[in-house]
Each structure stands twice: as structure tokens, then as C-alpha cells.
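Here's the structure, in C-alpha cells; my notes come after.
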Number of protein chains: 2
Amino acid sequence: MRTFEEIRNLIEDSIAHLEFKEPPRSLYDPIVYTLSLGGKRIRPALALMACEVFGGAVEQALSPALGIEVFHNFTLLHDDLMDDADKRRGQPTVHKAWNPNVAILSGDAMLICAYRLVCQTTDKEVIDLFSRTALEICGGQQYDMEFESRTDVTEAEYVEMIRLKTAVLLACALKMGAMLGGASAEDAEALYDYGIHIGLAFQLQDDLLDVYGDSKTFGKNIGGDILCNKKTFLLINAWNAANVEQKRLMADWMARDSFDGQEKIRFFTALYDQLGIRELTESRIEAYYRMADEDLARLSVAPEALKILKSTCDHLMKREK
Amino acid sequence: MRTFEEIRNLIEDSIAHLEFKEPPRSLYDPIVYTLSLGGKRIRPALALMACEVFGGAVEQALSPALGIEVFHNFTLLHDDLMDDADKRRGQPTVHKAWNPNVAILSGDAMLICAYRLVCQTTDKEVIDLFSRTALEICGGQQYDMEFESRTDVTEAEYVEMIRLKTAVLLACALKMGAMLGGASAEDAEALYDYGIHIGLAFQLQDDLLDVYGDSKTFGKNIGGDILCNKKTFLLINAWNAANVEQKRLMADWMARDSFDGQEKIRFFTALYDQLGIRELTESRIEAYYRMADEDLARLSVAPEALKILKSTCDHLMKREK
């Protein structure tokens, strides 16, 4: 079984050899640019590892795995445009480096390239899974945008949004790899559930790090979610736990058009501390990790076969986006 | 063999039964809206007719044919956003009726829905053809946008752009239907070429109608291309044929920020008349139609089998967009 490093090298090498050489250059350059920005390639890595867990050769899953990575990067490209984000992984986003129309059209071409890679499998169920997942992710992004202008987002709605926006693609990668590796339907489904649970844990971790992380290791500025009033797991639970006076102060901060950013971050962090939001979030993350362990325990394979997959997830889930 | 009316009813009925019912509504409503705006459904009709020409049952080609129609409407949705068009088929465009982000995301979902339909076939070559075509269409749109800011577009570049933007999808629909109907590789290819040639003829016809058409039957305002300096087949050839003084007047009109629209239209129409651009364009259209006839003559099927397909093309190509 290959190590994570070997798997990652194979993926990087394969991405570098994807052909985006036809004219017009202005259509394909932004695709090459986006794929070259890096990232941990966790989704294709999970697909290939899952394939190996069930005795498959990684080559069987390689094209669909790359398709998932291209798709993931396509969603970042279009999401950054919709959110009007300036930077992605420290570099200008495509609509800033080129322009919004280029971002729309190159993104479309990238989605087509993703499908072309996924469709190199002859397993129709794999393609169906990919289509269903891709639509779910669009749904997640739509909810995410809608939540911006809503003040009554419930915890359940939020968890459903992050399940769609983040967790289903990890789950899809794992299940796809398992299917292509020859797993039984039960095993493939258990691995899908595992992906959902680590995905939810990962996103709550991300919410937590926005407030309590170290800006050096987190890779983005602390408090970004607080500054833009993002309805995270923390904010929703703080609102639910707050008394009348605390709610009034929160609403007041969120309604202000101009404010001292550090002061706003300090206010919310202190409030989260007071209300025990950090512990609440940590215990929810732990609960998702326990569910993920239970999913793995359902698998028909020997625990040793899961070692690399599990250690990779444990390692990467600590910090990746 | 079914009549065009029967084929069209089958397509309308099938589109009406496509399921876009999951939440979030705001993701799927614009898709239903776009598909309900109508259009002649010429692409899926050509696919089904081509399937029948080779003895296939239309059911074999139905899902991929619908996929092509959904894809075509997806391109209109995103093109309208990129061109910031207000209306499509007399109704507000999606980014006007909703907003640009909805147009981006619903368009993405629509492209996924198109693939889901195309991928219901088990014929991998059909899926490959679709992917290749879809990328070509993105390339055509990219060229079209680039030509806006260029003044040196050649006739060859223009023809290549309309081949990519318009002709390849008609060709793909025909070839796909032929393949799914059991045609030989040679027959499928001949029908592909036929699609390219009628597609080119159709687009030049459209360029011509913008100047010489009747606004009632044309369905859009006359002179739209002239007003926005669109590098059409007519403008490119007029520029090539113009003398120094005519070129100076043309450049002057095209550089003006404010002008009387009717006066500008009158100037270019008179110039086209003087330079014989109408006849030049008509004879090119005729040439493409002759090539299309030659493509059909290469087919191994009896001429009677092509009657409905050919009469439909002749009829629809007169006026459709």
C-alpha cells in the first residue's frame, strides 16, 4: 500500500500532465493557474487510498480522482467570484487576475474538464454519484449565500449547509474510490458516512480556528468570520445561549457599518468564552469524530488496511482548506 | 418515422417532466424558468431524427438529446450574464430576474444536469463527443468576447468562432443521434459535417437578417449588431472591400460614443449595399448549403430516409435562434 507521500506525488504529477493546451489560451490559462495554486489534494488522495483499501490498483481510480480535484478547484473559482474574494491561497483570484467574465467561462470549462475525467470510468454508478454530489454542492453554496441575509439560521440548517458544501465531496471521493476498488455496497456506504462525519468535524474545526486559531498556522486572518457576521456554528450557538442584554449587544455589533475590527473580534471572542461556545464546539467535533470511528468499524476490512487512510485523515483534518 | 411535430411534442413533454424539485428552490427555479422560455428545440429534434434515420428508436437517444437542450440553454444563461443582456426570448434574463450570483450558480447546476442526462447513455464515445463539443463552445464564446476589443478580426477567425460557438452543437446533436441509432462511423461523421455546414449557413443568415431582415419575423431589433460594432461576416468583409475614405467613415462611426442609432444603421446598410456585401454573404450561405447537401450525399442511407430531417433543417434554418 502506498504512503500518503507516494499518493500525493502521483496526484501532483498527474495534474501537471493534464492537457490544457488547446486555444484559446485565455480560456485554459486560468484553469492551469487555479490548479497550480496547490492545496493538499486531499480529495483525490482519499479516493486513491479508499481504492487501495479494497485491493484495487490506484490506476483504476486515478482519472475520476483527478476529476474530483478539478471539480473542487472549479467550485473555489466560482465561489470566489460570487463572494468577490481577492485572494485564494495567497494569490489573486481568477476574477481579479483576469476579469469576472473569464472567471465565469473558465470555470465552466473547468467543470466540463472535471466531468471528462470522471467519465473515463465505465462505472455508471460512479458517474451518477458524482452528478448527485456536484448538485448537492451547488445547493450548499446557494444556502451559504442565502444565510448571509438571514438572521434566523438554525443550527440544523447550518449543519445541513456545511454537509452539502463541504462534507459530501469528501464522502463522494471516498465512496468513489471504494467502488472502483471493488468494495461491497455496504462498505462503500460506510466509507461515504465516514467522509460526511470527518467533513462536518473539519468544518466546525475551521469555524473554531477562525476565532481561536493561530494566524500563522491557520493560513488566514483570525476573526474573518466575525468581521463579516458569518453565521457559523459558534455565532448561531452564541445567539441561542445569549441573554437579552447579550443579544442586544450582538445585534448592535452586527448592524454597524463602520467599526474597529479588533474591537469587534475581541467582543465576540469574550462573549464566546463567557458562554462556553469553544467547549460546546469542541465537544461537537469530538462527537463527529466518534461517529466517523463507528463508520470505519462497520467496514468488512481488517483495521490494518485502514491505517494509512485513517492517519492521513487525522493528520489532514487538523488543518486543511 | 415521426414527423417534426411528433418529435417536438415528445421533447416538450420530456422537458416538462424533468425533475428539478429538490431544495433549494432558488437554485432550481431559474433552470425551470430558462427551459420554459421556449425555443424551437432544434438540437434535440435533430438528435432524435438522426437516430431514426439509422433505424434506432427515439428512446435510445432521448436522454442525451435532452442533455444537449439543457446544455444549450445553460450556455444562453451564462452568455447573457457575460454580455449583460436584459432579455432572452422577450423575457428578463436570469441575472436580471434574480441576480448575477444566482445566474452563475444556477447555470453551473444546469451544466451538471445536462451532463447527468447525457451520461444516461452507456456509449462512452457519445459522452466524449459531448465533452469535446462543450469545451469547443466555451472556446467559441471566449473568442467572441475577445473579438469585441479587437479591430483586426479576419474572416477566417470569424468563421472559426461561429463554427465553435454555433455549429459544433448542431453537429454534435446529429452525430450523437446517429451513433445512438446505430450508424456507421462514416455516416455519423458525414452527419457531423452536415451539422457544421448548416450551422455556418445559419449563423451567416443571422448576420444578414440583422441588417436586411424584417423585425417582426426576425424576432429582434434590426441593426443590433451594427449599433454595437459587432464584427460580423458583413462588417469584416465590408472593411476588407472598403476604400480609404470608406474605411475612415467606418472607423469614425465605430469610435463614436454617442450617436443617432438609426443614422448609424442607415450608414452601414448603405455601405453594405454599395460594396455588394449582401450578395457576397448570400453566395457564401449558398456555398455552405451546397456543402451540406454533399455531406448528405455521402450517407449510406436512402434519400427518402432523410426527407424529414432535411425538410426540418431547411425549414428551421431559415429562422431560429
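In the C-alpha cells, chains take the letters A, B, ... in the order shown, each chain's residues start at 1, and ligands count up from 1 in the order shown.
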Pull the closest atom pair for each residue of chain B that gets at most 10 Å from chain A, along with the distance in Å to one decimal, counting only C-alpha atoms, ordering rows by chain and then ascending residue number, as CSV.
residue,atom,partner,partner_atom,distance
B:Glu22,CA,A:Gly139,CA,9.1
B:Pro23,CA,A:Gly139,CA,7.4
B:Pro24,CA,A:Gly139,CA,6.1
B:Arg25,CA,A:Gly139,CA,9.2
B:Ser26,CA,A:Gln142,CA,7.6
B:Leu27,CA,A:Gln142,CA,6.6
B:Tyr28,CA,A:Gly139,CA,9.2
B:Thr75,CA,A:Asp108,CA,9.5
B:His78,CA,A:Ile104,CA,7.7
B:Asp79,CA,A:Leu105,CA,8.8
B:Leu81,CA,A:Asn101,CA,8.5
B:Met82,CA,A:Asn101,CA,5.6
B:Asp83,CA,A:Asn101,CA,8.7
B:Pro100,CA,A:Met82,CA,8.3
B:Asn101,CA,A:Met82,CA,5.6
B:Val102,CA,A:Gln142,CA,7.9
B:Ile104,CA,A:Ile104,CA,7.2
B:Leu105,CA,A:Cys138,CA,6.6
B:Ser106,CA,A:Cys138,CA,7.9
B:Gly107,CA,A:Asp108,CA,8.9
B:Asp108,CA,A:Asp108,CA,7.1
B:Ala109,CA,A:Leu135,CA,5.9
B:Met110,CA,A:Leu135,CA,9.0
B:Leu111,CA,A:Asp108,CA,8.2
B:Ile112,CA,A:Ser131,CA,6.4
B:Cys113,CA,A:Ser131,CA,7.7
B:Ala114,CA,A:Ser131,CA,9.9
B:Tyr115,CA,A:Ser131,CA,7.8
B:Arg116,CA,A:Ser131,CA,6.2
B:Leu117,CA,A:Ser131,CA,9.9
B:Cys119,CA,A:Ile127,CA,7.6
B:Gln120,CA,A:Lys124,CA,8.1
B:Thr121,CA,A:Lys124,CA,9.1
B:Thr122,CA,A:Lys124,CA,7.6
B:Asp123,CA,A:Thr122,CA,9.3
B:Lys124,CA,A:Thr122,CA,7.6
B:Ile127,CA,A:Cys119,CA,7.6
B:Asp128,CA,A:Arg116,CA,7.2
B:Phe130,CA,A:Arg116,CA,9.3
B:Ser131,CA,A:Arg116,CA,6.2
B:Arg132,CA,A:Arg116,CA,8.6
B:Thr133,CA,A:Ile112,CA,10.0
B:Ala134,CA,A:Ile112,CA,7.1
B:Leu135,CA,A:Ala109,CA,5.9
B:Glu136,CA,A:Ala109,CA,9.2
B:Ile137,CA,A:Ala109,CA,9.2
B:Cys138,CA,A:Ala109,CA,6.4
B:Gly139,CA,A:Pro24,CA,6.0
B:Gly140,CA,A:Pro24,CA,8.6
B:Gln141,CA,A:Leu105,CA,8.1
B:Gln142,CA,A:Leu27,CA,6.6
B:Tyr143,CA,A:Pro24,CA,7.1
B:Met145,CA,A:Asn101,CA,8.9
B:Glu146,CA,A:Ser26,CA,9.2
Would you export the selected residues with C-alpha atoms as a PDB file, in the first residue's frame, please?
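Wrote it out as part_17.pdb, contents follow:
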ATOM      1  CA  GLU B  22     -35.138  19.388  -4.723  1.00  0.00           C
ATOM      2  CA  PRO B  23     -34.399  22.305  -2.421  1.00  0.00           C
ATOM      3  CA  PRO B  24     -33.038  24.925  -2.565  1.00  0.00           C
ATOM      4  CA  ARG B  25     -35.760  26.300  -4.833  1.00  0.00           C
ATOM      5  CA  SER B  26     -33.661  29.356  -5.638  1.00  0.00           C
ATOM      6  CA  LEU B  27     -31.129  27.051  -7.320  1.00  0.00           C
ATOM      7  CA  TYR B  28     -33.633  25.187  -9.493  1.00  0.00           C
ATOM      8  CA  THR B  75     -24.864  28.465 -22.468  1.00  0.00           C
ATOM      9  CA  HIS B  78     -24.189  32.259 -18.818  1.00  0.00           C
ATOM     10  CA  ASP B  79     -23.655  34.089 -22.141  1.00  0.00           C
ATOM     11  CA  LEU B  81     -24.766  37.175 -17.950  1.00  0.00           C
ATOM     12  CA  MET B  82     -21.369  37.735 -19.586  1.00  0.00           C
ATOM     13  CA  ASP B  83     -22.932  40.007 -22.231  1.00  0.00           C
ATOM     14  CA  PRO B 100     -25.721  37.639 -11.106  1.00  0.00           C
ATOM     15  CA  ASN B 101     -24.727  35.143  -8.399  1.00  0.00           C
ATOM     16  CA  VAL B 102     -27.917  33.168  -8.930  1.00  0.00           C
ATOM     17  CA  ILE B 104     -23.650  31.824 -12.072  1.00  0.00           C
ATOM     18  CA  LEU B 105     -24.706  29.100  -9.667  1.00  0.00           C
ATOM     19  CA  SER B 106     -27.925  28.003 -11.367  1.00  0.00           C
ATOM     20  CA  GLY B 107     -26.008  27.903 -14.623  1.00  0.00           C
ATOM     21  CA  ASP B 108     -23.434  25.620 -13.025  1.00  0.00           C
ATOM     22  CA  ALA B 109     -26.211  23.369 -11.731  1.00  0.00           C
ATOM     23  CA  MET B 110     -27.763  23.371 -15.198  1.00  0.00           C
ATOM     24  CA  LEU B 111     -24.493  22.220 -16.766  1.00  0.00           C
ATOM     25  CA  ILE B 112     -24.378  19.387 -14.227  1.00  0.00           C
ATOM     26  CA  CYS B 113     -27.995  18.485 -15.063  1.00  0.00           C
ATOM     27  CA  ALA B 114     -27.065  18.434 -18.759  1.00  0.00           C
ATOM     28  CA  TYR B 115     -24.220  16.012 -18.093  1.00  0.00           C
ATOM     29  CA  ARG B 116     -26.451  13.852 -15.935  1.00  0.00           C
ATOM     30  CA  LEU B 117     -28.819  13.472 -18.881  1.00  0.00           C
ATOM     31  CA  CYS B 119     -24.422  10.302 -19.157  1.00  0.00           C
ATOM     32  CA  GLN B 120     -27.533   8.139 -19.120  1.00  0.00           C
ATOM     33  CA  THR B 121     -26.149   6.553 -22.243  1.00  0.00           C
ATOM     34  CA  THR B 122     -23.622   3.747 -21.810  1.00  0.00           C
ATOM     35  CA  ASP B 123     -21.889   4.743 -25.054  1.00  0.00           C
ATOM     36  CA  LYS B 124     -18.624   6.275 -23.882  1.00  0.00           C
ATOM     37  CA  ILE B 127     -20.079  11.220 -23.746  1.00  0.00           C
ATOM     38  CA  ASP B 128     -16.611  12.023 -25.137  1.00  0.00           C
ATOM     39  CA  PHE B 130     -20.326  15.836 -25.796  1.00  0.00           C
ATOM     40  CA  SER B 131     -17.367  16.871 -23.598  1.00  0.00           C
ATOM     41  CA  ARG B 132     -15.259  17.832 -26.596  1.00  0.00           C
ATOM     42  CA  THR B 133     -18.141  19.848 -28.035  1.00  0.00           C
ATOM     43  CA  ALA B 134     -18.897  21.576 -24.746  1.00  0.00           C
ATOM     44  CA  LEU B 135     -15.276  22.734 -24.467  1.00  0.00           C
ATOM     45  CA  GLU B 136     -15.307  23.928 -28.062  1.00  0.00           C
ATOM     46  CA  ILE B 137     -18.385  26.029 -27.315  1.00  0.00           C
ATOM     47  CA  CYS B 138     -16.628  27.650 -24.347  1.00  0.00           C
ATOM     48  CA  GLY B 139     -13.743  28.390 -26.718  1.00  0.00           C
ATOM     49  CA  GLY B 140     -16.156  29.970 -29.200  1.00  0.00           C
ATOM     50  CA  GLN B 141     -17.628  32.222 -26.531  1.00  0.00           C
ATOM     51  CA  GLN B 142     -14.127  33.219 -25.407  1.00  0.00           C
ATOM     52  CA  TYR B 143     -13.180  34.181 -28.984  1.00  0.00           C
ATOM     53  CA  MET B 145     -15.691  38.139 -26.272  1.00  0.00           C
ATOM     54  CA  GLU B 146     -12.092  38.731 -27.362  1.00  0.00           C
TER      55      GLU B 146
END
Contacts of B:Lys175 at 7 Å or less, counting only C-alpha atoms, minus same-chain residues fewer than 2 places along, as a compact mmCIF listing (two decimals) with C-alpha atoms, in the first residue's frame?
# COMPACT_ATOMS: atom_id res chain seq x y z
CA ALA B 171 -23.20 18.78 -35.47
CA CYS B 172 -22.83 17.05 -32.10
CA ALA B 173 -26.60 16.60 -31.79
CA GLY B 177 -28.30 10.72 -32.58
CA ALA B 178 -26.70 8.83 -35.45
CA MET B 179 -24.32 6.97 -33.13
CA ALA B 188 -22.01 9.59 -38.19
CA GLU B 189 -19.10 11.71 -39.40
CA LEU B 191 -23.86 13.90 -40.48
CA TYR B 192 -21.48 15.79 -38.18
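Counting from atom CA of A:Asn243, the distance to atom CA of A:Glu160 is 26.2 Å.
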Per DSSP on the backbone, filter stretch 72-203 of chain B down to the residues in strand (DSSP E or B) and report them as an mmCIF file with N, CA, C and O atoms, in the first residue's frame.
data_model
loop_
_atom_site.group_PDB
_atom_site.id
_atom_site.type_symbol
_atom_site.label_atom_id
_atom_site.label_comp_id
_atom_site.auth_asym_id
_atom_site.auth_seq_id
_atom_site.Cartn_x
_atom_site.Cartn_y
_atom_site.Cartn_z
ATOM 1 N N LYS B 87 -32.731 40.826 -21.998
ATOM 2 C CA LYS B 87 -33.864 39.985 -22.372
ATOM 3 C C LYS B 87 -33.397 38.744 -23.113
ATOM 4 O O LYS B 87 -32.395 38.773 -23.831
ATOM 5 N N ARG B 88 -34.164 37.702 -22.976
ATOM 6 C CA ARG B 88 -33.967 36.474 -23.740
ATOM 7 C C ARG B 88 -35.357 35.992 -24.121
ATOM 8 O O ARG B 88 -36.192 35.775 -23.256
ATOM 9 N N GLN B 91 -38.238 37.802 -22.464
ATOM 10 C CA GLN B 91 -38.387 37.787 -21.009
ATOM 11 C C GLN B 91 -37.076 38.233 -20.357
ATOM 12 O O GLN B 91 -36.010 38.115 -20.963
ATOM 13 N N PRO B 92 -37.158 38.708 -19.099
ATOM 14 C CA PRO B 92 -35.916 39.113 -18.420
ATOM 15 C C PRO B 92 -34.950 37.932 -18.308
ATOM 16 O O PRO B 92 -35.377 36.795 -18.091
#
Residue nearest A:Arg89 - candidates A:Phe268, A:Tyr33, A:Phe4, A:Tyr194, atoms counted: only C-alpha atoms: A:Tyr33
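Within the 9 Å cut-off around A:Ile222, using only C-alpha atoms and omitting residues fewer than 5 positions from it on the same chain, the listed residues are Leu209, Asp210, Val211, Tyr212, Gly213, Asp214, Ser215 and Ile265 of chain A.
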Those same residues - all heavy atoms - I'd like them written as a PDB file, in the first residue's frame.
ATOM      1  N   LEU A 209     -11.216  27.591  14.493  1.00  0.00           N
ATOM      2  CA  LEU A 209      -9.891  28.179  14.249  1.00  0.00           C
ATOM      3  C   LEU A 209      -9.993  29.637  13.818  1.00  0.00           C
ATOM      4  O   LEU A 209      -9.085  30.419  14.058  1.00  0.00           O
ATOM      5  CB  LEU A 209      -9.136  27.368  13.186  1.00  0.00           C
ATOM      6  CG  LEU A 209      -8.607  26.019  13.672  1.00  0.00           C
ATOM      7  CD1 LEU A 209      -8.071  25.203  12.498  1.00  0.00           C
ATOM      8  CD2 LEU A 209      -7.525  26.198  14.735  1.00  0.00           C
ATOM      9  N   ASP A 210     -11.129  30.003  13.195  1.00  0.00           N
ATOM     10  CA  ASP A 210     -11.290  31.398  12.795  1.00  0.00           C
ATOM     11  C   ASP A 210     -11.236  32.310  14.018  1.00  0.00           C
ATOM     12  O   ASP A 210     -10.820  33.462  13.921  1.00  0.00           O
ATOM     13  CB  ASP A 210     -12.619  31.600  12.062  1.00  0.00           C
ATOM     14  CG  ASP A 210     -12.790  33.043  11.605  1.00  0.00           C
ATOM     15  OD1 ASP A 210     -12.126  33.422  10.620  1.00  0.00           O
ATOM     16  OD2 ASP A 210     -13.560  33.796  12.239  1.00  0.00           O
ATOM     17  N   VAL A 211     -11.682  31.780  15.161  1.00  0.00           N
ATOM     18  CA  VAL A 211     -11.694  32.575  16.392  1.00  0.00           C
ATOM     19  C   VAL A 211     -10.474  32.257  17.267  1.00  0.00           C
ATOM     20  O   VAL A 211      -9.819  33.161  17.775  1.00  0.00           O
ATOM     21  CB  VAL A 211     -12.989  32.296  17.195  1.00  0.00           C
ATOM     22  CG1 VAL A 211     -13.018  33.146  18.464  1.00  0.00           C
ATOM     23  CG2 VAL A 211     -14.215  32.573  16.331  1.00  0.00           C
ATOM     24  N   TYR A 212     -10.187  30.980  17.434  1.00  0.00           N
ATOM     25  CA  TYR A 212      -9.177  30.573  18.417  1.00  0.00           C
ATOM     26  C   TYR A 212      -7.874  30.070  17.794  1.00  0.00           C
ATOM     27  O   TYR A 212      -7.015  29.564  18.500  1.00  0.00           O
ATOM     28  CB  TYR A 212      -9.758  29.486  19.331  1.00  0.00           C
ATOM     29  CG  TYR A 212     -10.887  29.989  20.192  1.00  0.00           C
ATOM     30  CD1 TYR A 212     -12.216  29.646  19.913  1.00  0.00           C
ATOM     31  CD2 TYR A 212     -10.631  30.830  21.279  1.00  0.00           C
ATOM     32  CE1 TYR A 212     -13.260  30.113  20.695  1.00  0.00           C
ATOM     33  CE2 TYR A 212     -11.672  31.315  22.061  1.00  0.00           C
ATOM     34  CZ  TYR A 212     -12.985  30.948  21.771  1.00  0.00           C
ATOM     35  OH  TYR A 212     -14.003  31.422  22.547  1.00  0.00           O
ATOM     36  N   GLY A 213      -7.750  30.185  16.476  1.00  0.00           N
ATOM     37  CA  GLY A 213      -6.556  29.649  15.826  1.00  0.00           C
ATOM     38  C   GLY A 213      -5.369  30.604  15.906  1.00  0.00           C
ATOM     39  O   GLY A 213      -5.477  31.734  16.398  1.00  0.00           O
ATOM     40  N   ASP A 214      -4.261  30.128  15.396  1.00  0.00           N
ATOM     41  CA  ASP A 214      -3.039  30.927  15.296  1.00  0.00           C
ATOM     42  C   ASP A 214      -2.940  31.352  13.829  1.00  0.00           C
ATOM     43  O   ASP A 214      -2.928  30.508  12.937  1.00  0.00           O
ATOM     44  CB  ASP A 214      -1.851  30.039  15.697  1.00  0.00           C
ATOM     45  CG  ASP A 214      -0.513  30.744  15.506  1.00  0.00           C
ATOM     46  OD1 ASP A 214      -0.431  31.671  14.678  1.00  0.00           O
ATOM     47  OD2 ASP A 214       0.444  30.347  16.182  1.00  0.00           O
ATOM     48  N   SER A 215      -2.896  32.658  13.597  1.00  0.00           N
ATOM     49  CA  SER A 215      -2.976  33.128  12.203  1.00  0.00           C
ATOM     50  C   SER A 215      -1.846  32.556  11.348  1.00  0.00           C
ATOM     51  O   SER A 215      -1.985  32.387  10.152  1.00  0.00           O
ATOM     52  CB  SER A 215      -2.980  34.653  12.143  1.00  0.00           C
ATOM     53  OG  SER A 215      -1.731  35.142  12.566  1.00  0.00           O
ATOM     54  N   ILE A 265     -13.794  41.807  17.084  1.00  0.00           N
ATOM     55  CA  ILE A 265     -13.295  40.449  17.304  1.00  0.00           C
ATOM     56  C   ILE A 265     -13.170  40.175  18.798  1.00  0.00           C
ATOM     57  O   ILE A 265     -13.571  39.105  19.278  1.00  0.00           O
ATOM     58  CB  ILE A 265     -11.936  40.254  16.579  1.00  0.00           C
ATOM     59  CG1 ILE A 265     -12.148  40.295  15.055  1.00  0.00           C
ATOM     60  CG2 ILE A 265     -11.280  38.936  16.984  1.00  0.00           C
ATOM     61  CD1 ILE A 265     -10.867  40.329  14.232  1.00  0.00           C
TER      62      ILE A 265
END
In stretch 119-276 of chain A, DSSP alpha helix (DSSP H) residues written as a PyMOL selection string: chain A and resi 124-148+155-162+168-181+185-212+215-218+224-227+233-241+244-255+261-275
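Here atom CA of A:Ala255 stands at a distance of 21.2 Å from atom CA of A:Asp207.
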Non-local contacts of A:Val301 (12 Å; only C-alpha atoms; under 6 positions in same chain excluded) as JSON, numbers by chain: {"A": [50, 52, 53, 54, 55, 178, 183, 184, 186, 187, 188, 190, 191, 307]}
Write the selection just made, keeping all heavy atoms, as an mmCIF file, in the first residue's frame?
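Result went into part.cif, see below:
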data_model
loop_
_atom_site.group_PDB
_atom_site.id
_atom_site.type_symbol
_atom_site.label_atom_id
_atom_site.label_comp_id
_atom_site.auth_asym_id
_atom_site.auth_seq_id
_atom_site.Cartn_x
_atom_site.Cartn_y
_atom_site.Cartn_z
ATOM 1 N N ALA A 50 -8.833 4.915 -0.644
ATOM 2 C CA ALA A 50 -10.021 4.066 -0.480
ATOM 3 C C ALA A 50 -9.990 2.929 -1.493
ATOM 4 O O ALA A 50 -10.362 1.787 -1.186
ATOM 5 C CB ALA A 50 -11.288 4.901 -0.652
ATOM 6 N N GLU A 52 -7.347 1.507 -2.730
ATOM 7 C CA GLU A 52 -6.343 0.536 -2.278
ATOM 8 C C GLU A 52 -6.823 -0.287 -1.085
ATOM 9 O O GLU A 52 -6.482 -1.463 -0.969
ATOM 10 C CB GLU A 52 -5.040 1.264 -1.903
ATOM 11 C CG GLU A 52 -4.184 1.628 -3.118
ATOM 12 C CD GLU A 52 -2.724 1.841 -2.753
ATOM 13 O OE1 GLU A 52 -2.469 2.484 -1.725
ATOM 14 O OE2 GLU A 52 -1.854 1.351 -3.502
ATOM 15 N N VAL A 53 -7.604 0.347 -0.225
ATOM 16 C CA VAL A 53 -8.117 -0.372 0.955
ATOM 17 C C VAL A 53 -8.853 -1.648 0.526
ATOM 18 O O VAL A 53 -8.779 -2.678 1.186
ATOM 19 C CB VAL A 53 -9.060 0.542 1.780
ATOM 20 C CG1 VAL A 53 -9.931 -0.268 2.732
ATOM 21 C CG2 VAL A 53 -8.258 1.591 2.535
ATOM 22 N N PHE A 54 -9.527 -1.578 -0.605
ATOM 23 C CA PHE A 54 -10.312 -2.733 -1.053
ATOM 24 C C PHE A 54 -9.570 -3.560 -2.101
ATOM 25 O O PHE A 54 -10.172 -4.354 -2.829
ATOM 26 C CB PHE A 54 -11.678 -2.264 -1.550
ATOM 27 C CG PHE A 54 -12.478 -1.645 -0.447
ATOM 28 C CD1 PHE A 54 -12.493 -0.269 -0.266
ATOM 29 C CD2 PHE A 54 -13.158 -2.449 0.468
ATOM 30 C CE1 PHE A 54 -13.184 0.299 0.782
ATOM 31 C CE2 PHE A 54 -13.857 -1.881 1.530
ATOM 32 C CZ PHE A 54 -13.876 -0.501 1.688
ATOM 33 N N GLY A 55 -8.257 -3.355 -2.159
ATOM 34 C CA GLY A 55 -7.439 -4.199 -3.033
ATOM 35 C C GLY A 55 -7.379 -3.745 -4.478
ATOM 36 O O GLY A 55 -6.832 -4.445 -5.331
ATOM 37 N N ALA A 178 -13.695 3.594 -3.216
ATOM 38 C CA ALA A 178 -14.082 2.268 -2.730
ATOM 39 C C ALA A 178 -14.771 1.474 -3.833
ATOM 40 O O ALA A 178 -14.447 0.306 -4.092
ATOM 41 C CB ALA A 178 -15.005 2.411 -1.512
ATOM 42 N N ALA A 183 -15.161 -2.494 -3.632
ATOM 43 C CA ALA A 183 -15.831 -2.643 -2.333
ATOM 44 C C ALA A 183 -17.276 -3.092 -2.511
ATOM 45 O O ALA A 183 -17.888 -2.843 -3.552
ATOM 46 C CB ALA A 183 -15.795 -1.314 -1.585
ATOM 47 N N SER A 184 -17.817 -3.727 -1.479
ATOM 48 C CA SER A 184 -19.245 -4.061 -1.473
ATOM 49 C C SER A 184 -20.035 -2.769 -1.299
ATOM 50 O O SER A 184 -19.490 -1.744 -0.860
ATOM 51 C CB SER A 184 -19.557 -4.989 -0.299
ATOM 52 O OG SER A 184 -19.409 -4.282 0.919
ATOM 53 N N GLU A 186 -22.189 -2.094 0.928
ATOM 54 C CA GLU A 186 -22.222 -1.729 2.357
ATOM 55 C C GLU A 186 -20.942 -1.001 2.762
ATOM 56 O O GLU A 186 -20.980 0.004 3.473
ATOM 57 C CB GLU A 186 -22.403 -2.961 3.256
ATOM 58 C CG GLU A 186 -23.758 -3.629 3.164
ATOM 59 C CD GLU A 186 -23.928 -4.420 1.859
ATOM 60 O OE1 GLU A 186 -22.899 -4.822 1.258
ATOM 61 O OE2 GLU A 186 -25.091 -4.599 1.435
ATOM 62 N N ASP A 187 -19.820 -1.558 2.320
ATOM 63 C CA ASP A 187 -18.542 -0.927 2.661
ATOM 64 C C ASP A 187 -18.431 0.463 2.031
ATOM 65 O O ASP A 187 -17.966 1.411 2.664
ATOM 66 C CB ASP A 187 -17.368 -1.810 2.191
ATOM 67 C CG ASP A 187 -17.103 -2.959 3.167
ATOM 68 O OD1 ASP A 187 -17.695 -2.949 4.274
ATOM 69 O OD2 ASP A 187 -16.326 -3.862 2.815
ATOM 70 N N ALA A 188 -18.851 0.577 0.772
ATOM 71 C CA ALA A 188 -18.785 1.873 0.093
ATOM 72 C C ALA A 188 -19.640 2.895 0.840
ATOM 73 O O ALA A 188 -19.242 4.055 1.006
ATOM 74 C CB ALA A 188 -19.238 1.736 -1.359
ATOM 75 N N ALA A 190 -20.495 2.816 4.071
ATOM 76 C CA ALA A 190 -19.889 3.127 5.374
ATOM 77 C C ALA A 190 -18.776 4.160 5.188
ATOM 78 O O ALA A 190 -18.625 5.082 5.998
ATOM 79 C CB ALA A 190 -19.347 1.857 6.023
ATOM 80 N N LEU A 191 -18.017 4.033 4.123
ATOM 81 C CA LEU A 191 -16.936 4.980 3.869
ATOM 82 C C LEU A 191 -17.505 6.353 3.485
ATOM 83 O O LEU A 191 -16.925 7.390 3.815
ATOM 84 C CB LEU A 191 -16.023 4.432 2.756
ATOM 85 C CG LEU A 191 -14.523 4.696 2.926
ATOM 86 C CD1 LEU A 191 -14.035 4.409 4.330
ATOM 87 C CD2 LEU A 191 -13.717 3.889 1.910
ATOM 88 N N LYS A 307 -5.102 1.769 8.133
ATOM 89 C CA LYS A 307 -4.152 2.602 8.876
ATOM 90 C C LYS A 307 -3.746 3.881 8.148
ATOM 91 O O LYS A 307 -3.815 4.979 8.704
ATOM 92 C CB LYS A 307 -2.885 1.796 9.225
ATOM 93 C CG LYS A 307 -2.867 1.341 10.678
ATOM 94 C CD LYS A 307 -1.611 0.560 11.002
ATOM 95 C CE LYS A 307 -0.445 1.461 11.425
ATOM 96 N NZ LYS A 307 0.716 0.652 11.846
#
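In this structure, atom CA of A:Met49 sits 6.0 Å away from atom CA of A:Leu309.
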